Amino acid sequence: MAAKSRTPKPGKVGSAKAGSSKAGSSKSAVGKAKTAKPRTAKSKAAKPVSLATKEAKPLAVPDVSDLAKVRAQIDGIDREIQTLIAERALFARQVGRAKGKLAAAVEYYRPEREAQVLRRVVDRNDGPLNDDVLVRLFREIMSACLAQQEPLKVGYLGPEGTFSQQAVHKHFGHSAKGLPLSSIEEVFDEVASGTADFGVVPVETSGQGTIQTTLDLFLTPDEDAAPLMICGEVELRVHQYLMSRTGRIEDVERVYSHGLSLSQCKSWLRKNLPKVDRQAMGSNAEAARRARVADDAAAIAGENAAHVYNLKVIAGPIEDRSDNTTRFLVIGRASFPPSGHDRTSLMVFIRDQPGALYKILEPLARRGISMNRIESRPDHGVLWQYAFFIDVSGHAEESPLRDALEEIDAFAGDVRVLGSYPVAVP
């Protein structure tokens with residue numbers, strides 16, 4: 001459900017002004033938080049300062065000759081970490097209070113700020129833990145701190161145990177409240193109505209390409225609902241597992257899974273289960289629910305689904321490509337300020353004339369703006385006319401992309417900014 005208006009002129013973006021105002025108030029709130037000390041005994045401790053100083057130095061190699069001493073040191077570090085997390089939570093609460101009484105939890109959420117924090121985590125990391133491990137830890141800390149105000153409500157394609165739920169946890173952390181829904185269309189509807197603060201929907205896979213259902217929902221928005229914006233993206237490595245109630249491959253006579261998952265595992269299935277009946281389901285989690293009631297049935301789903309539905313893993317990962325990845329979009333009702341490393345999604349309707357597409361792309365190329373993706377879909381309002389979905393680097397509020405959009409808007413039939421949002425953090 002895209003915004004109906006054409007690409008806004010500089011300084012006239014209503015949502016951008018609101019976003020900038022929020023960013024300003026957030027900055028002011030942080031300033032207040034720094035001058036006010038939390039009223040707890042823990043916040044008066046000097047340990048946080050000493051730990052920060054230690055982190056600036058090279059990590060010392062522990063002497064493991066005395067295990068009791070090493071464990072005591074670990075216990076001390078754990079206490080310092082816990083003290084710092086508690087102090088961070090108190091400062092986050094003060095930021096919320098400084099912003100005043102807001103309408104809902106979504107008003108406290110700043111995706112561009114979270115992206116900046118996580119990028120700094122990656123930049124600072126010198127090991128021994130991997131970047132994705134540290135990003136996950138900090139994501140959960142921020143998620144828990146935000147939930148002190150009120151947990152975010154995030155809709156996703158259910159039921160519980162789907163890859164969409166995994167994408168929700170990766171982007172929002174486990175403190176957000178997930179709302180499993182029956183279809184991608186219902187996710188759009190629940191966000192538009194305000195029942196969900198955000199929604200997470202799949203948009204493309206590395207092997208099968210674009211998920212057309214998602215694009216079509218931007219192309220044909222509900223006329224009576226608020227326009228939705230893309231405000232984030234998630235890249236999720238997808239690993240497929242074969243699971244069943246008995247855990248024995250010789251019992252399997254039919255396999256349930258989502259159609260995309262069956263496609264992603266077709267070579268493995270052809271080699272290992274050539275004669276089984278393959279049945280496509282609405283989601284992998286629904287396939288797991290179906291498989292748990294029959295000894296001769298199996299499901300292909302994420303490993304988490306086996307835990308949720310009490311199934312035994314027979315084999316996995318069984319996807320044909322080791323780089324199997326799904327990209328998800330985070331949809332909401334507002335746009336957000338730049339994060340410093342952003343992507344913008346556009347929907348462009350062009351006039352039917354020679355060189356029309358070239359005239360849309362040339363202003364981007366001339367300004368050195370990278371185009372990450374382009375996809376055409378039939379215009380549902382005009383026969384044999386097409387809309388182009390284009391992803392480009394940059395934020396619509398900043399040059400050079402802002403200037404390019406002004407030039408494109410003067411020529412194209414209609415240009416809609418579906419959203420500018422932080423590039424996914426690994």
# chains A, B, ... in the order shown; residues from 1 in each chain; ligands from 1
>>> residues_around(residues="segment 387-396 of chain A", least_positions_apart="3", cutoff="9 Å", atoms="only C-alpha atoms", output="PyMOL selection string")
chain A and resi 7-8+215+219+337-350+364+369-379+399-403+405+417+419-423
>>> closest_atom_pairs(of="segment 211-240 of chain A", to="segment 294-304 of chain A", cutoff="10 Å", atoms="only C-alpha atoms", output="Markdown table")
| residue | atom | partner | partner_atom | distance |
| --- | --- | --- | --- | --- |
| A:Val238 | CA | A:Gly302 | CA | 7.5 |
| A:His239 | CA | A:Gly302 | CA | 6.2 |
| A:Gln240 | CA | A:Gly302 | CA | 5.3 |
>>> write_last_selection(atoms="C-alpha atoms", output="short mmCIF file (atom, residue, chain, number, x, y, z; two decimals), in the first residue's frame")
data_model
loop_
_atom_site.label_atom_id
_atom_site.label_comp_id
_atom_site.auth_asym_id
_atom_site.auth_seq_id
_atom_site.Cartn_x
_atom_site.Cartn_y
_atom_site.Cartn_z
CA VAL A 238 17.17 -19.77 5.35
CA HIS A 239 18.02 -23.37 6.21
CA GLN A 240 15.48 -26.07 5.41
#
>>> residues_around(residues="Ala192 of chain A", least_positions_apart="2", cutoff="8 Å", atoms="only C-alpha atoms", output="ChimeraX atom specification")
/A:188-190,194-196,225-228,332-333
>>> select_by_dssp(residues="segment 96-159 of chain A", states="strand (DSSP E or B)", output="list in words")
Lys153, Val154, Gly155, Tyr156 and Leu157 of chain A
>>> residues_around(residues="Leu179 of chain A", least_positions_apart="5", cutoff="8 Å", atoms="only C-alpha atoms", output="compact mmCIF listing (two decimals) with N, CA and C atoms, in the first residue's frame")
# COMPACT_ATOMS: atom_id res chain seq x y z
N LYS A 153 4.11 -4.21 18.65
CA LYS A 153 3.28 -5.29 18.09
C LYS A 153 3.63 -5.41 16.60
N VAL A 154 4.11 -6.60 16.22
CA VAL A 154 4.62 -6.81 14.86
C VAL A 154 3.89 -7.98 14.21
N GLY A 155 3.20 -7.71 13.10
CA GLY A 155 2.49 -8.75 12.38
C GLY A 155 3.41 -9.49 11.42
N TYR A 156 3.16 -10.79 11.25
CA TYR A 156 3.96 -11.59 10.33
C TYR A 156 3.12 -12.76 9.82
N GLY A 158 2.00 -16.16 9.75
CA GLY A 158 2.06 -17.25 10.70
C GLY A 158 1.75 -18.58 10.03
N ALA A 196 -1.45 -3.62 14.41
CA ALA A 196 -0.01 -3.91 14.51
C ALA A 196 0.76 -2.61 14.27
>>> residues_around(residues="Ala89 of chain A", least_positions_apart="2", cutoff="9 Å", atoms="only C-alpha atoms", output="list in words")
Leu84, Ile85, Ala86, Glu87, Phe91, Ala92, Arg93, Gln94, Ile141, Met142, Ala144, Cys145, Leu146 and Gln148 of chain A
>>> closest_residue(among="A:Met229, A:Ala410, A:Leu236, A:Val122", to="Lys170 of chain A", atoms="only C-alpha atoms")
A:Leu236
>>> select_by_dssp(residues="segment 111-190 of chain A", states="helix (DSSP H, G or I)", output="CSV table (one decimal) with C-alpha atoms, in the first residue's frame")
chain,number,residue,atom,x,y,z
A,111,PRO,CA,14.9,2.4,13.4
A,112,GLU,CA,17.6,4.7,12.1
A,113,ARG,CA,19.0,5.1,15.6
A,114,GLU,CA,19.1,1.3,16.1
A,115,ALA,CA,20.9,0.8,12.8
A,116,GLN,CA,23.5,3.3,13.7
A,117,VAL,CA,24.1,1.6,17.1
A,118,LEU,CA,24.4,-1.8,15.4
A,119,ARG,CA,26.8,-0.5,12.8
A,120,ARG,CA,29.1,0.8,15.5
A,121,VAL,CA,29.0,-2.6,17.2
A,122,VAL,CA,30.3,-4.2,14.1
A,123,ASP,CA,32.9,-1.5,13.5
A,124,ARG,CA,34.2,-1.9,17.1
A,131,ASP,CA,29.7,-9.8,14.2
A,132,ASP,CA,26.3,-11.5,13.9
A,133,VAL,CA,26.6,-12.8,17.5
A,134,LEU,CA,27.3,-9.3,18.9
A,135,VAL,CA,24.6,-7.7,16.7
A,136,ARG,CA,22.1,-10.3,18.1
A,137,LEU,CA,23.1,-9.5,21.7
A,138,PHE,CA,22.8,-5.8,21.3
A,139,ARG,CA,19.5,-6.1,19.4
A,140,GLU,CA,18.0,-8.0,22.3
A,141,ILE,CA,19.3,-5.4,24.8
A,142,MET,CA,17.7,-2.6,22.7
A,143,SER,CA,14.5,-4.6,22.3
A,144,ALA,CA,14.2,-5.2,26.1
A,145,CYS,CA,14.9,-1.5,26.8
A,146,LEU,CA,12.2,-0.3,24.4
A,163,PHE,CA,10.8,-17.9,8.7
A,164,SER,CA,8.8,-14.7,8.9
A,165,GLN,CA,8.7,-15.1,12.7
A,166,GLN,CA,12.5,-15.6,12.7
A,167,ALA,CA,12.8,-12.3,10.7
A,168,VAL,CA,10.7,-10.5,13.3
A,169,HIS,CA,13.0,-11.7,16.1
A,170,LYS,CA,16.1,-10.8,14.1
A,171,HIS,CA,15.0,-7.3,13.4
A,172,PHE,CA,12.9,-6.4,16.6
A,184,ILE,CA,0.6,-11.4,3.7
A,185,GLU,CA,-2.4,-9.4,2.8
A,186,GLU,CA,-3.6,-9.6,6.4
A,187,VAL,CA,-0.3,-8.3,7.6
A,188,PHE,CA,-0.8,-5.2,5.4
A,189,ASP,CA,-4.3,-4.8,6.7
A,190,GLU,CA,-3.4,-5.1,10.4
>>> residues_around(residues="Thr246 of chain A", least_positions_apart="4", cutoff="8 Å", atoms="only C-alpha atoms", output="PyMOL selection string")
chain A and resi 251+295+311-312
>>> closest_residue(among="A:Ile318, A:Leu90, A:Glu235, A:Ile249", to="Ser261 of chain A", atoms="only C-alpha atoms")
A:Ile318
>>> atom_distance(atom1="atom CA of Leu357 of chain A", atom2="atom CA of Gly209 of chain A")
21.6 Å
